[in-house]
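Novice: Got a structure here, written out as structure tokens. Questions coming.
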Amino acid sequence: MKVSRSAIDRAMVLAGIVLLGSIWGLLECTLGGLKWSVSGLYISMGAVMAGLFGLGFMILARRMFNFTGAVFLVALVASIMRYFAPIGSCVICSAIAIAVEGMVFEMIVGRKVFMDNLWGRKDVRALASLGVISGFTVFSIGYVTTQILTPVFTGATLVIMDVVNILPLIAGRAFYAALLGGISVPVFALYDNLHVEIQKIDRKVYFGTSTAVSAVCWILVLFILF
């Protein structure tokens, strides 16, 4: 049976989404659960992952596939992978945060000012500002949402005042995500070598490479799991 070109293209997009999500998820599973400090100052790895790798992979998804939903799908793959890796104090929190970050950034990146700077004039200062706003927004909303949804999914008691009381802490940690977002968004948006036009790649090479890399990522997570 002959497979249509459009069906093959959809399969290439799906393979690419799984690839980006798997790489991002592996980084979340290996680095996201670590605790780092610099000169006694605690560094929120969740904020680092959101502002650096999260925004980076989501920008790549939008540039490579350029359709509404690609950003969230990549985040969803990473979220599922993170859920199965027992690293860190709250695995389900991390998984929820990644998925929510994808939903939030999906709405931000679709705005005209963002799309104009991804495909049009590409103003560095505008992209840096958008990165700061995006980093702060996706991390803080993701963090707050985990505090609300985690008790729901785990059967614990949700105390709204507990969420309110940690808002200053969330804002403080979001600073790192904002700072890194101001760096990662311009880099991933401006550096054309990071933008792969999948339609120009040989399909056999593309499917073989993307499948192999994705499989390696999931196998490594299995090693972490067991």
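Naming works like this for the structure tokens: A, B, ... for the chains as they're shown, residue 1 at the start of each chain, ligands 1 onward in shown order.
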Mind dumping a table of every range 22-117 of chain A residue within 12 Å of range 10-16 of chain A, with the nearest atom pair and its distance in Å to one decimal, using only C-alpha atoms, sorted by chain and rising number, as JSON lines?
Specialist:
```
{"residue": "A:Ser22", "atom": "CA", "partner": "A:Gly16", "partner_atom": "CA", "distance": 9.7}
{"residue": "A:Ile23", "atom": "CA", "partner": "A:Gly16", "partner_atom": "CA", "distance": 10.7}
{"residue": "A:Phe57", "atom": "CA", "partner": "A:Gly16", "partner_atom": "CA", "distance": 11.3}
{"residue": "A:Leu60", "atom": "CA", "partner": "A:Gly16", "partner_atom": "CA", "distance": 10.3}
{"residue": "A:Ala61", "atom": "CA", "partner": "A:Gly16", "partner_atom": "CA", "distance": 8.3}
{"residue": "A:Arg62", "atom": "CA", "partner": "A:Val13", "partner_atom": "CA", "distance": 11.3}
{"residue": "A:Arg63", "atom": "CA", "partner": "A:Gly16", "partner_atom": "CA", "distance": 11.9}
{"residue": "A:Met64", "atom": "CA", "partner": "A:Gly16", "partner_atom": "CA", "distance": 8.6}
{"residue": "A:Phe65", "atom": "CA", "partner": "A:Val13", "partner_atom": "CA", "distance": 6.7}
{"residue": "A:Asn66", "atom": "CA", "partner": "A:Val13", "partner_atom": "CA", "distance": 10.2}
{"residue": "A:Phe67", "atom": "CA", "partner": "A:Val13", "partner_atom": "CA", "distance": 10.3}
{"residue": "A:Gly69", "atom": "CA", "partner": "A:Leu14", "partner_atom": "CA", "distance": 11.6}
{"residue": "A:Ala70", "atom": "CA", "partner": "A:Val13", "partner_atom": "CA", "distance": 8.9}
{"residue": "A:Val71", "atom": "CA", "partner": "A:Gly16", "partner_atom": "CA", "distance": 11.6}
{"residue": "A:Leu73", "atom": "CA", "partner": "A:Leu14", "partner_atom": "CA", "distance": 9.2}
{"residue": "A:Val74", "atom": "CA", "partner": "A:Gly16", "partner_atom": "CA", "distance": 8.9}
{"residue": "A:Val77", "atom": "CA", "partner": "A:Leu14", "partner_atom": "CA", "distance": 10.9}
```
Novice: Write out as a ChimeraX atom specification all residues of range 77-139 of chain A that backbone DSSP assigns to helix (DSSP H, G or I).
Specialist: /A:77-83,91-109,112-119,124-139
Novice: From the set A:Val138, A:Arg203, A:Cys29, A:Val144, which residue has the shortest atom-to-atom contact distance to Leu222 in chain A, counting only C-alpha atoms?
Specialist: A:Cys29
Novice: Do you have, as a tab-separated table, the list of residues of range 7-126 of chain A lying at most 12 Å from range 153-162 of chain A, each with its nearest atom pair and that distance in Å to one decimal, counting only C-alpha atoms and ordered by chain then number?
Specialist:
```
residue	atom	partner	partner_atom	distance
A:Cys90	CA	A:Thr154	CA	10.9
A:Val91	CA	A:Thr154	CA	11.4
A:Ile92	CA	A:Phe153	CA	8.6
A:Cys93	CA	A:Phe153	CA	10.0
A:Ala95	CA	A:Phe153	CA	11.8
A:Ile96	CA	A:Phe153	CA	10.2
```
Novice: If we count only C-alpha atoms and set the cut-off at 10 Å, which residues sit around Phe53 in chain A, ignoring sequence neighbours fewer than 3 positions away in its own chain? Please answer as a list of chain:residue names.
Specialist: A:Ile23, A:Trp24, A:Gly25, A:Leu27, A:Glu28, A:Ala47, A:Val48, A:Met49, A:Ala50, A:Gly56, A:Phe57, A:Met58, A:Ile59, A:Leu180, A:Gly181, A:Ser184, A:Val185
Novice: With all heavy atoms kept, could you save the residues just selected as a compact mmCIF listing (two decimals), in the first residue's frame?
Specialist:
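Written file, again_10.txt:
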```txt
# COMPACT_ATOMS: atom_id res chain seq x y z
N ILE A 23 14.89 14.15 24.54
CA ILE A 23 16.16 14.76 24.96
C ILE A 23 15.93 15.70 26.14
O ILE A 23 16.67 15.68 27.14
CB ILE A 23 16.81 15.52 23.79
CG1 ILE A 23 17.16 14.55 22.66
CG2 ILE A 23 18.08 16.23 24.26
CD1 ILE A 23 17.67 15.25 21.40
N TRP A 24 14.90 16.53 26.03
CA TRP A 24 14.56 17.43 27.13
C TRP A 24 14.23 16.62 28.39
O TRP A 24 14.70 16.93 29.50
CB TRP A 24 13.39 18.31 26.72
CG TRP A 24 12.89 19.26 27.78
CD1 TRP A 24 13.47 19.55 28.99
CD2 TRP A 24 11.68 20.03 27.73
NE1 TRP A 24 12.70 20.46 29.68
CE2 TRP A 24 11.60 20.77 28.94
CE3 TRP A 24 10.67 20.16 26.77
CZ2 TRP A 24 10.55 21.64 29.20
CZ3 TRP A 24 9.62 21.03 27.04
CH2 TRP A 24 9.56 21.75 28.24
N GLY A 25 13.43 15.58 28.23
CA GLY A 25 13.06 14.75 29.37
C GLY A 25 14.26 14.09 30.02
O GLY A 25 14.35 14.01 31.26
N LEU A 27 17.32 15.23 30.10
CA LEU A 27 18.02 16.27 30.85
C LEU A 27 17.29 16.58 32.16
O LEU A 27 17.92 16.79 33.21
CB LEU A 27 18.13 17.54 30.01
CG LEU A 27 19.06 17.44 28.79
CD1 LEU A 27 18.92 18.69 27.91
CD2 LEU A 27 20.51 17.28 29.24
N GLU A 28 15.96 16.59 32.12
CA GLU A 28 15.18 16.82 33.34
C GLU A 28 15.40 15.68 34.33
O GLU A 28 15.48 15.91 35.55
CB GLU A 28 13.69 16.93 33.00
CG GLU A 28 13.28 18.17 32.25
CD GLU A 28 13.12 19.39 33.15
OE1 GLU A 28 13.28 19.23 34.38
OE2 GLU A 28 12.83 20.48 32.62
N ALA A 47 14.10 26.09 38.02
CA ALA A 47 14.16 27.36 37.30
C ALA A 47 15.20 27.32 36.20
O ALA A 47 14.99 27.84 35.10
CB ALA A 47 14.45 28.50 38.27
N VAL A 48 16.33 26.69 36.48
CA VAL A 48 17.39 26.56 35.47
C VAL A 48 16.90 25.73 34.29
O VAL A 48 17.09 26.09 33.13
CB VAL A 48 18.66 25.93 36.09
CG1 VAL A 48 19.68 25.61 35.00
CG2 VAL A 48 19.26 26.86 37.13
N MET A 49 16.25 24.61 34.60
CA MET A 49 15.76 23.74 33.53
C MET A 49 14.69 24.44 32.70
O MET A 49 14.66 24.32 31.47
CB MET A 49 15.20 22.44 34.12
CG MET A 49 16.19 21.60 34.90
SD MET A 49 17.67 21.14 33.95
CE MET A 49 16.96 20.10 32.69
N ALA A 50 13.81 25.19 33.36
CA ALA A 50 12.73 25.88 32.64
C ALA A 50 13.29 26.99 31.77
O ALA A 50 12.93 27.11 30.59
CB ALA A 50 11.71 26.44 33.63
N GLY A 56 14.44 26.55 25.49
CA GLY A 56 15.23 26.23 24.31
C GLY A 56 14.57 25.17 23.44
O GLY A 56 14.41 25.36 22.23
N PHE A 57 14.14 24.08 24.04
CA PHE A 57 13.52 23.01 23.27
C PHE A 57 12.15 23.42 22.73
O PHE A 57 11.76 22.99 21.64
CB PHE A 57 13.40 21.73 24.11
CG PHE A 57 14.69 20.96 24.20
CD1 PHE A 57 15.44 20.96 25.36
CD2 PHE A 57 15.14 20.24 23.12
CE1 PHE A 57 16.64 20.26 25.44
CE2 PHE A 57 16.34 19.53 23.18
CZ PHE A 57 17.09 19.55 24.35
N MET A 58 11.44 24.25 23.48
CA MET A 58 10.13 24.69 23.00
C MET A 58 10.27 25.68 21.84
O MET A 58 9.46 25.66 20.90
CB MET A 58 9.33 25.29 24.16
CG MET A 58 8.87 24.24 25.15
SD MET A 58 7.68 24.82 26.39
CE MET A 58 8.75 25.79 27.47
N ILE A 59 11.29 26.52 21.87
CA ILE A 59 11.56 27.40 20.73
C ILE A 59 11.92 26.57 19.50
O ILE A 59 11.46 26.82 18.38
CB ILE A 59 12.71 28.38 21.05
CG1 ILE A 59 12.22 29.48 21.99
CG2 ILE A 59 13.26 29.01 19.77
CD1 ILE A 59 11.31 30.51 21.35
N LEU A 180 17.88 33.32 32.66
CA LEU A 180 18.31 32.36 31.64
C LEU A 180 17.44 32.45 30.40
O LEU A 180 17.92 32.24 29.28
CB LEU A 180 18.28 30.95 32.21
CG LEU A 180 19.36 30.67 33.27
CD1 LEU A 180 19.12 29.32 33.94
CD2 LEU A 180 20.75 30.70 32.65
N GLY A 181 16.16 32.76 30.57
CA GLY A 181 15.28 32.93 29.42
C GLY A 181 15.72 34.08 28.55
O GLY A 181 15.60 34.02 27.32
N SER A 184 18.61 32.29 26.61
CA SER A 184 18.31 31.13 25.77
C SER A 184 17.39 31.45 24.60
O SER A 184 17.59 30.94 23.50
CB SER A 184 17.70 30.01 26.62
OG SER A 184 16.45 30.40 27.17
N VAL A 185 16.39 32.28 24.82
CA VAL A 185 15.44 32.58 23.74
C VAL A 185 16.13 33.26 22.55
O VAL A 185 15.94 32.84 21.41
CB VAL A 185 14.25 33.41 24.25
CG1 VAL A 185 13.43 33.97 23.09
CG2 VAL A 185 13.36 32.54 25.14
```
Novice: Enumerate as a ChimeraX atom specification all residues of range 18-181 of chain A assigned to strand (DSSP E or B) by DSSP on the backbone, naming them with the chain letters and numbers the document uses.
Specialist: /A:36-38,41-43
Novice: Rounded to one decimal, what separation in Å do you get between CA of Ile108 in chain A and CA of Ser134 in chain A?
Specialist: 7.2 Å
Novice: Neighbouring residues of Pro186 in chain A were defined as those with any atom within 10 Å, considering only C-alpha atoms; residues of the same chain fewer than 5 positions away were excluded. Please report them as an NGL selection string.
Specialist: :A and (56 or 59 or 117-118 or 122-131 or 181 or 191)
Novice: How would the residues just chosen look if you wrote them out with all heavy atoms as a CSV table (one decimal), in the first residue's frame?
Specialist:
```csv
chain,number,residue,atom,x,y,z
A,56,GLY,N,14.4,26.6,25.5
A,56,GLY,CA,15.2,26.2,24.3
A,56,GLY,C,14.6,25.2,23.4
A,56,GLY,O,14.4,25.4,22.2
A,59,ILE,N,11.3,26.5,21.9
A,59,ILE,CA,11.6,27.4,20.7
A,59,ILE,C,11.9,26.6,19.5
A,59,ILE,O,11.5,26.8,18.4
A,59,ILE,CB,12.7,28.4,21.0
A,59,ILE,CG1,12.2,29.5,22.0
A,59,ILE,CG2,13.3,29.0,19.8
A,59,ILE,CD1,11.3,30.5,21.3
A,117,ASN,N,9.3,38.1,15.7
A,117,ASN,CA,10.7,38.1,16.0
A,117,ASN,C,11.3,36.7,15.9
A,117,ASN,O,12.6,36.5,15.9
A,117,ASN,CB,11.0,38.5,17.5
A,117,ASN,CG,11.0,40.0,17.6
A,117,ASN,OD1,11.9,40.7,17.2
A,117,ASN,ND2,9.8,40.6,18.0
A,118,LEU,N,10.5,35.7,15.7
A,118,LEU,CA,11.0,34.3,15.3
A,118,LEU,C,11.3,34.2,13.8
A,118,LEU,O,12.2,33.6,13.4
A,118,LEU,CB,10.0,33.3,15.7
A,118,LEU,CG,10.1,32.8,17.2
A,118,LEU,CD1,9.1,31.7,17.4
A,118,LEU,CD2,11.5,32.3,17.6
A,122,LYS,N,13.7,39.7,13.9
A,122,LYS,CA,14.6,39.0,14.8
A,122,LYS,C,15.4,40.1,15.6
A,122,LYS,O,16.6,40.1,15.5
A,122,LYS,CB,15.5,38.0,14.2
A,122,LYS,CG,14.7,36.8,13.6
A,122,LYS,CD,15.7,35.7,13.1
A,122,LYS,CE,14.9,34.5,12.6
A,122,LYS,NZ,15.8,33.4,12.2
A,123,ASP,N,14.7,40.9,16.3
A,123,ASP,CA,15.4,41.9,17.1
A,123,ASP,C,15.9,41.3,18.4
A,123,ASP,O,15.2,40.7,19.2
A,123,ASP,CB,14.4,43.1,17.4
A,123,ASP,CG,15.1,44.2,18.2
A,123,ASP,OD1,15.1,44.1,19.5
A,123,ASP,OD2,15.6,45.1,17.6
A,124,VAL,N,17.2,41.4,18.6
A,124,VAL,CA,17.9,40.8,19.8
A,124,VAL,C,17.3,41.3,21.1
A,124,VAL,O,17.0,40.5,22.0
A,124,VAL,CB,19.4,41.0,19.7
A,124,VAL,CG1,20.0,40.3,21.0
A,124,VAL,CG2,20.0,40.4,18.5
A,125,ARG,N,17.1,42.6,21.2
A,125,ARG,CA,16.6,43.1,22.5
A,125,ARG,C,15.2,42.7,22.7
A,125,ARG,O,14.8,42.4,23.9
A,125,ARG,CB,16.7,44.7,22.4
A,125,ARG,CG,18.2,45.2,22.5
A,125,ARG,CD,18.2,46.7,22.3
A,125,ARG,NE,17.7,47.1,21.0
A,125,ARG,CZ,17.7,48.3,20.6
A,125,ARG,NH1,18.1,49.3,21.4
A,125,ARG,NH2,17.2,48.6,19.4
A,126,ALA,N,14.4,42.7,21.7
A,126,ALA,CA,13.0,42.2,21.8
A,126,ALA,C,13.0,40.7,22.2
A,126,ALA,O,12.2,40.3,23.1
A,126,ALA,CB,12.2,42.4,20.5
A,127,LEU,N,13.8,39.9,21.6
A,127,LEU,CA,13.8,38.5,22.0
A,127,LEU,C,14.3,38.3,23.4
A,127,LEU,O,13.8,37.4,24.1
A,127,LEU,CB,14.7,37.7,21.0
A,127,LEU,CG,14.1,37.5,19.6
A,127,LEU,CD1,15.2,37.0,18.6
A,127,LEU,CD2,13.0,36.5,19.7
A,128,ALA,N,15.3,39.1,23.8
A,128,ALA,CA,15.8,39.0,25.2
A,128,ALA,C,14.7,39.3,26.2
A,128,ALA,O,14.5,38.6,27.2
A,128,ALA,CB,17.0,39.9,25.4
A,129,SER,N,14.0,40.4,25.9
A,129,SER,CA,12.8,40.8,26.7
A,129,SER,C,11.8,39.7,26.8
A,129,SER,O,11.2,39.4,27.9
A,129,SER,CB,12.3,42.1,26.2
A,129,SER,OG,13.2,43.2,26.3
A,130,LEU,N,11.5,39.2,25.6
A,130,LEU,CA,10.5,38.1,25.6
A,130,LEU,C,10.9,36.9,26.3
A,130,LEU,O,10.1,36.2,27.0
A,130,LEU,CB,10.2,37.7,24.1
A,130,LEU,CG,9.4,38.8,23.3
A,130,LEU,CD1,9.5,38.4,21.8
A,130,LEU,CD2,8.0,38.9,23.8
A,131,GLY,N,12.2,36.6,26.3
A,131,GLY,CA,12.8,35.5,27.0
A,131,GLY,C,12.7,35.7,28.5
A,131,GLY,O,12.4,34.7,29.3
A,181,GLY,N,16.2,32.8,30.6
A,181,GLY,CA,15.3,32.9,29.4
A,181,GLY,C,15.7,34.1,28.6
A,181,GLY,O,15.6,34.0,27.3
A,191,TYR,N,20.1,31.6,16.2
A,191,TYR,CA,21.1,30.8,15.6
A,191,TYR,C,20.5,29.8,14.6
A,191,TYR,O,19.9,28.8,15.0
A,191,TYR,CB,21.8,30.0,16.8
A,191,TYR,CG,23.1,29.3,16.3
A,191,TYR,CD1,24.1,30.0,15.6
A,191,TYR,CD2,23.3,28.0,16.7
A,191,TYR,CE1,25.2,29.4,15.2
A,191,TYR,CE2,24.5,27.4,16.3
A,191,TYR,CZ,25.5,28.1,15.6
A,191,TYR,OH,26.6,27.4,15.2
```
Novice: Any idea what's packed within 12 Å of Asp202 in chain A, counting only C-alpha atoms, ignoring anything in its chain fewer than 5 positions away? Could you give it as an mmCIF file with C-alpha atoms, in the first residue's frame?
Specialist:
```cif
data_model
loop_
_atom_site.group_PDB
_atom_site.id
_atom_site.type_symbol
_atom_site.label_atom_id
_atom_site.label_comp_id
_atom_site.auth_asym_id
_atom_site.auth_seq_id
_atom_site.Cartn_x
_atom_site.Cartn_y
_atom_site.Cartn_z
ATOM 1 C CA ILE A 8 4.931 10.660 5.860
ATOM 2 C CA ASP A 9 5.365 14.333 6.733
ATOM 3 C CA MET A 12 8.301 13.021 10.490
ATOM 4 C CA GLU A 197 14.269 21.935 8.087
ATOM 5 C CA PHE A 207 13.612 8.372 10.877
ATOM 6 C CA GLY A 208 16.619 6.207 11.660
ATOM 7 C CA THR A 209 18.460 8.925 13.563
ATOM 8 C CA SER A 210 15.461 10.338 15.438
#
```
